[in-house]
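Visitor: The following file, upload_8.cif, comprises mmCIF, N, CA, C and O atoms:
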data_work
#
loop_
_atom_site.group_PDB
_atom_site.id
_atom_site.type_symbol
_atom_site.label_atom_id
_atom_site.label_comp_id
_atom_site.auth_asym_id
_atom_site.auth_seq_id
_atom_site.Cartn_x
_atom_site.Cartn_y
_atom_site.Cartn_z
ATOM 1 N N MET A 18 26.904 16.435 21.228
ATOM 2 C CA MET A 18 26.543 16.804 19.856
ATOM 3 C C MET A 18 26.292 15.553 19.013
ATOM 4 O O MET A 18 25.340 15.490 18.268
ATOM 5 N N ARG A 19 27.183 14.566 19.154
ATOM 6 C CA ARG A 19 26.992 13.336 18.373
ATOM 7 C C ARG A 19 25.720 12.612 18.787
ATOM 8 O O ARG A 19 25.027 12.057 17.945
ATOM 9 N N ALA A 20 25.422 12.632 20.090
ATOM 10 C CA ALA A 20 24.237 11.927 20.575
ATOM 11 C C ALA A 20 22.972 12.567 20.010
ATOM 12 O O ALA A 20 22.047 11.855 19.588
ATOM 13 N N ALA A 21 22.947 13.888 19.958
ATOM 14 C CA ALA A 21 21.771 14.574 19.411
ATOM 15 C C ALA A 21 21.611 14.255 17.932
ATOM 16 O O ALA A 21 20.500 13.994 17.454
ATOM 17 N N LEU A 22 22.720 14.264 17.202
ATOM 18 C CA LEU A 22 22.666 13.939 15.775
ATOM 19 C C LEU A 22 22.211 12.500 15.569
ATOM 20 O O LEU A 22 21.412 12.211 14.669
ATOM 21 N N LEU A 23 22.691 11.597 16.410
ATOM 22 C CA LEU A 23 22.302 10.195 16.306
ATOM 23 C C LEU A 23 20.809 10.026 16.578
ATOM 24 O O LEU A 23 20.119 9.294 15.860
ATOM 25 N N ILE A 24 20.319 10.737 17.594
ATOM 26 C CA ILE A 24 18.889 10.647 17.925
ATOM 27 C C ILE A 24 18.046 11.189 16.768
ATOM 28 O O ILE A 24 17.034 10.589 16.385
ATOM 29 N N ILE A 25 18.479 12.301 16.181
ATOM 30 C CA ILE A 25 17.732 12.873 15.047
ATOM 31 C C ILE A 25 17.723 11.907 13.875
ATOM 32 O O ILE A 25 16.699 11.700 13.226
ATOM 33 N N MET A 26 18.875 11.290 13.588
ATOM 34 C CA MET A 26 18.939 10.342 12.471
ATOM 35 C C MET A 26 18.058 9.126 12.725
ATOM 36 O O MET A 26 17.369 8.640 11.820
ATOM 37 N N VAL A 27 18.069 8.625 13.964
ATOM 38 C CA VAL A 27 17.238 7.460 14.294
ATOM 39 C C VAL A 27 15.765 7.810 14.148
ATOM 40 O O VAL A 27 14.988 7.030 13.586
ATOM 41 N N MET A 28 15.374 8.988 14.616
ATOM 42 C CA MET A 28 13.968 9.395 14.486
ATOM 43 C C MET A 28 13.592 9.550 13.018
ATOM 44 O O MET A 28 12.496 9.165 12.596
ATOM 45 N N PHE A 29 14.498 10.105 12.209
ATOM 46 C CA PHE A 29 14.215 10.293 10.783
ATOM 47 C C PHE A 29 14.022 8.951 10.082
ATOM 48 O O PHE A 29 13.061 8.757 9.343
ATOM 49 N N PHE A 30 14.956 8.015 10.333
ATOM 50 C CA PHE A 30 14.853 6.724 9.650
ATOM 51 C C PHE A 30 13.674 5.903 10.163
ATOM 52 O O PHE A 30 13.069 5.141 9.398
ATOM 53 N N ALA A 31 13.327 6.063 11.444
ATOM 54 C CA ALA A 31 12.147 5.369 11.969
ATOM 55 C C ALA A 31 10.887 5.917 11.308
ATOM 56 O O ALA A 31 9.990 5.159 10.926
ATOM 57 N N GLY A 32 10.821 7.228 11.153
ATOM 58 C CA GLY A 32 9.671 7.829 10.462
ATOM 59 C C GLY A 32 9.615 7.401 9.009
ATOM 60 O O GLY A 32 8.544 7.135 8.467
ATOM 61 N N LEU A 33 10.783 7.326 8.368
ATOM 62 C CA LEU A 33 10.830 6.897 6.974
ATOM 63 C C LEU A 33 10.353 5.453 6.843
ATOM 64 O O LEU A 33 9.593 5.113 5.928
ATOM 65 N N ALA A 34 10.784 4.594 7.778
ATOM 66 C CA ALA A 34 10.349 3.193 7.741
ATOM 67 C C ALA A 34 8.843 3.085 7.949
ATOM 68 O O ALA A 34 8.171 2.275 7.294
ATOM 69 N N LEU A 35 8.293 3.915 8.842
ATOM 70 C CA LEU A 35 6.841 3.893 9.057
ATOM 71 C C LEU A 35 6.106 4.364 7.803
ATOM 72 O O LEU A 35 5.063 3.812 7.446
ATOM 73 N N ASP A 36 6.641 5.385 7.135
ATOM 74 C CA ASP A 36 6.011 5.863 5.898
ATOM 75 C C ASP A 36 6.021 4.781 4.836
ATOM 76 O O ASP A 36 5.033 4.570 4.127
ATOM 77 N N ILE A 37 7.144 4.079 4.708
ATOM 78 C CA ILE A 37 7.242 3.018 3.697
ATOM 79 C C ILE A 37 6.278 1.882 4.029
ATOM 80 O O ILE A 37 5.603 1.345 3.141
ATOM 81 N N ALA A 38 6.178 1.521 5.313
ATOM 82 C CA ALA A 38 5.262 0.454 5.714
ATOM 83 C C ALA A 38 3.819 0.872 5.458
ATOM 84 O O ALA A 38 2.996 0.068 5.012
ATOM 85 N N ASN A 39 3.500 2.135 5.730
ATOM 86 C CA ASN A 39 2.146 2.635 5.496
ATOM 87 C C ASN A 39 1.823 2.604 4.004
ATOM 88 O O ASN A 39 0.739 2.179 3.598
ATOM 89 N N LEU A 40 2.763 3.033 3.179
ATOM 90 C CA LEU A 40 2.559 3.021 1.727
ATOM 91 C C LEU A 40 2.384 1.593 1.223
ATOM 92 O O LEU A 40 1.518 1.320 0.383
ATOM 93 N N ALA A 41 3.174 0.657 1.745
ATOM 94 C CA ALA A 41 3.056 -0.739 1.326
ATOM 95 C C ALA A 41 1.692 -1.312 1.722
ATOM 96 O O ALA A 41 1.077 -2.053 0.948
ATOM 97 N N ALA A 42 1.202 -0.948 2.908
ATOM 98 C CA ALA A 42 -0.107 -1.441 3.348
ATOM 99 C C ALA A 42 -1.217 -0.877 2.461
ATOM 100 O O ALA A 42 -2.143 -1.597 2.079
ATOM 101 N N VAL A 43 -1.116 0.402 2.108
ATOM 102 C CA VAL A 43 -2.132 1.011 1.237
ATOM 103 C C VAL A 43 -2.105 0.370 -0.140
ATOM 104 O O VAL A 43 -3.158 0.056 -0.712
ATOM 105 N N LEU A 44 -0.922 0.151 -0.688
ATOM 106 C CA LEU A 44 -0.817 -0.475 -2.011
ATOM 107 C C LEU A 44 -1.345 -1.906 -1.987
ATOM 108 O O LEU A 44 -2.039 -2.331 -2.923
ATOM 109 N N THR A 45 -1.046 -2.654 -0.930
ATOM 110 C CA THR A 45 -1.541 -4.025 -0.818
ATOM 111 C C THR A 45 -3.063 -4.042 -0.739
ATOM 112 O O THR A 45 -3.720 -4.845 -1.417
ATOM 113 N N THR A 46 -3.631 -3.136 0.048
ATOM 114 C CA THR A 46 -5.089 -3.052 0.156
ATOM 115 C C THR A 46 -5.702 -2.699 -1.188
ATOM 116 O O THR A 46 -6.716 -3.277 -1.588
ATOM 117 N N PHE A 47 -5.088 -1.748 -1.898
ATOM 118 C CA PHE A 47 -5.608 -1.349 -3.211
ATOM 119 C C PHE A 47 -5.580 -2.517 -4.192
ATOM 120 O O PHE A 47 -6.540 -2.756 -4.920
ATOM 121 N N VAL A 48 -4.468 -3.264 -4.202
ATOM 122 C CA VAL A 48 -4.354 -4.400 -5.127
ATOM 123 C C VAL A 48 -5.395 -5.467 -4.798
ATOM 124 O O VAL A 48 -6.044 -6.016 -5.690
ATOM 125 N N LEU A 49 -5.580 -5.760 -3.503
ATOM 126 C CA LEU A 49 -6.562 -6.777 -3.120
ATOM 127 C C LEU A 49 -7.977 -6.340 -3.485
ATOM 128 O O LEU A 49 -8.766 -7.135 -4.001
ATOM 129 N N LEU A 50 -8.306 -5.074 -3.237
ATOM 130 C CA LEU A 50 -9.634 -4.582 -3.603
ATOM 131 C C LEU A 50 -9.816 -4.599 -5.117
ATOM 132 O O LEU A 50 -10.889 -4.950 -5.615
ATOM 133 N N ASP A 51 -8.775 -4.227 -5.853
ATOM 134 C CA ASP A 51 -8.855 -4.224 -7.307
ATOM 135 C C ASP A 51 -9.097 -5.630 -7.836
ATOM 136 O O ASP A 51 -9.917 -5.842 -8.727
ATOM 137 N N ARG A 52 -8.407 -6.607 -7.259
ATOM 138 C CA ARG A 52 -8.618 -8.000 -7.698
ATOM 139 C C ARG A 52 -10.032 -8.465 -7.366
ATOM 140 O O ARG A 52 -10.665 -9.138 -8.179
ATOM 141 N N ALA A 53 -10.524 -8.103 -6.184
ATOM 142 C CA ALA A 53 -11.866 -8.529 -5.797
ATOM 143 C C ALA A 53 -12.907 -7.907 -6.714
ATOM 144 O O ALA A 53 -13.824 -8.592 -7.193
ATOM 145 N N ILE A 54 -12.764 -6.621 -7.000
ATOM 146 C CA ILE A 54 -13.745 -5.933 -7.850
ATOM 147 C C ILE A 54 -13.676 -6.469 -9.279
ATOM 148 O O ILE A 54 -14.700 -6.714 -9.910
ATOM 149 N N SER A 55 -12.446 -6.667 -9.793
ATOM 150 C CA SER A 55 -12.328 -7.148 -11.173
ATOM 151 C C SER A 55 -12.859 -8.575 -11.300
ATOM 152 O O SER A 55 -13.463 -8.925 -12.308
ATOM 153 N N SER A 56 -12.667 -9.400 -10.258
ATOM 154 C CA SER A 56 -13.199 -10.754 -10.333
ATOM 155 C C SER A 56 -14.727 -10.729 -10.274
ATOM 156 O O SER A 56 -15.391 -11.523 -10.946
ATOM 157 N N LEU A 57 -15.276 -9.804 -9.498
ATOM 158 C CA LEU A 57 -16.737 -9.667 -9.465
ATOM 159 C C LEU A 57 -17.262 -9.212 -10.826
ATOM 160 O O LEU A 57 -18.259 -9.737 -11.326
ATOM 161 N N LEU A 58 -16.569 -8.250 -11.425
ATOM 162 C CA LEU A 58 -17.000 -7.761 -12.739
ATOM 163 C C LEU A 58 -16.847 -8.854 -13.785
ATOM 164 O O LEU A 58 -17.708 -9.024 -14.649
ATOM 165 N N ARG A 59 -15.756 -9.616 -13.710
ATOM 166 C CA ARG A 59 -15.572 -10.703 -14.667
ATOM 167 C C ARG A 59 -16.622 -11.791 -14.457
ATOM 168 O O ARG A 59 -17.046 -12.440 -15.405
ATOM 169 N N GLY A 60 -17.046 -11.977 -13.220
ATOM 170 C CA GLY A 60 -18.086 -12.965 -12.949
ATOM 171 C C GLY A 60 -19.425 -12.558 -13.533
ATOM 172 O O GLY A 60 -20.216 -13.395 -13.929
ATOM 173 N N HIS A 61 -19.682 -11.247 -13.627
ATOM 174 C CA HIS A 61 -20.960 -10.784 -14.170
ATOM 175 C C HIS A 61 -20.904 -10.536 -15.676
ATOM 176 O O HIS A 61 -21.930 -10.446 -16.319
ATOM 177 N N GLN A 62 -19.706 -10.446 -16.249
ATOM 178 C CA GLN A 62 -19.601 -10.178 -17.683
ATOM 179 C C GLN A 62 -20.217 -11.273 -18.563
ATOM 180 O O GLN A 62 -20.945 -10.955 -19.492
ATOM 181 N N PRO A 63 -19.962 -12.567 -18.299
ATOM 182 C CA PRO A 63 -20.576 -13.588 -19.166
ATOM 183 C C PRO A 63 -22.106 -13.529 -19.155
ATOM 184 O O PRO A 63 -22.750 -13.799 -20.164
ATOM 185 N N GLU A 64 -22.689 -13.152 -18.014
ATOM 186 C CA GLU A 64 -24.145 -13.047 -17.967
ATOM 187 C C GLU A 64 -24.638 -11.946 -18.895
ATOM 188 O O GLU A 64 -25.628 -12.095 -19.594
ATOM 189 N N ARG A 65 -23.893 -10.831 -18.908
ATOM 190 C CA ARG A 65 -24.289 -9.737 -19.816
ATOM 191 C C ARG A 65 -24.086 -10.132 -21.267
ATOM 192 O O ARG A 65 -24.907 -9.828 -22.112
ATOM 193 N N GLY A 66 -22.987 -10.850 -21.543
ATOM 194 C CA GLY A 66 -22.712 -11.239 -22.915
ATOM 195 C C GLY A 66 -23.711 -12.272 -23.414
ATOM 196 O O GLY A 66 -24.071 -12.281 -24.579
ATOM 197 N N ALA A 67 -24.205 -13.135 -22.521
ATOM 198 C CA ALA A 67 -25.142 -14.177 -22.939
ATOM 199 C C ALA A 67 -26.525 -13.592 -23.203
ATOM 200 O O ALA A 67 -27.246 -14.077 -24.065
ATOM 201 N N SER A 68 -26.861 -12.535 -22.486
ATOM 202 C CA SER A 68 -28.208 -11.967 -22.671
ATOM 203 C C SER A 68 -28.280 -10.948 -23.769
ATOM 204 O O SER A 68 -27.476 -10.842 -24.606
#
Here is the file; what I need is its structure written in the form of structure tokens.
Guide:
Amino acid sequence: MRAALLIIMVMFFAGLALDIANLAAVLTTFVLLDRAISSLLRGHQPERGAS
């Protein structure tokens, strides 16, 4: 009984760790894309303001 409970807990926490890692990867990708897009927009803004 204890072994089954231990296996279930290990599987649960392993799945939880994978979910957290997946969420962190998605957030990191979003932040990097946001910085790239905002820097591109900021690079084109002075041209619009000058014209």
Visitor: Kindly list the centre and edge lengths in Å, rounded to one decimal, for the axis-aligned box that covers all listed atoms of range 32-51 of chain A plus 6 Å on each of its six sides, as JSON.
Guide:
{"center_x": 0.0, "center_y": 0.3, "center_z": 1.2, "size_x": 33.7, "size_y": 27.0, "size_z": 31.9}
Visitor: Using Å and a single decimal, report how far atom O of Gly32 in chain A sits from atom O of Met18 in chain A.
Guide: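 Computing the Euclidean distance for atom O of Met18 in chain A and atom O of Gly32 in chain A yields 21.2 Å.
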Visitor: Find the distance between atom C of Ile25 in chain A and atom N of Asn39 in chain A and write it in Å to one decimal.
Guide: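 For atom C of Ile25 in chain A relative to atom N of Asn39 in chain A, the distance reads 19.1 Å.
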Visitor: Would you mind reading off the distance between atom C of Ala20 in chain A and atom C of Ala38 in chain A, one decimal, in Å?
Guide: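 Value for the atom C of Ala20 in chain A-atom C of Ala38 in chain A distance: 26.7 Å.
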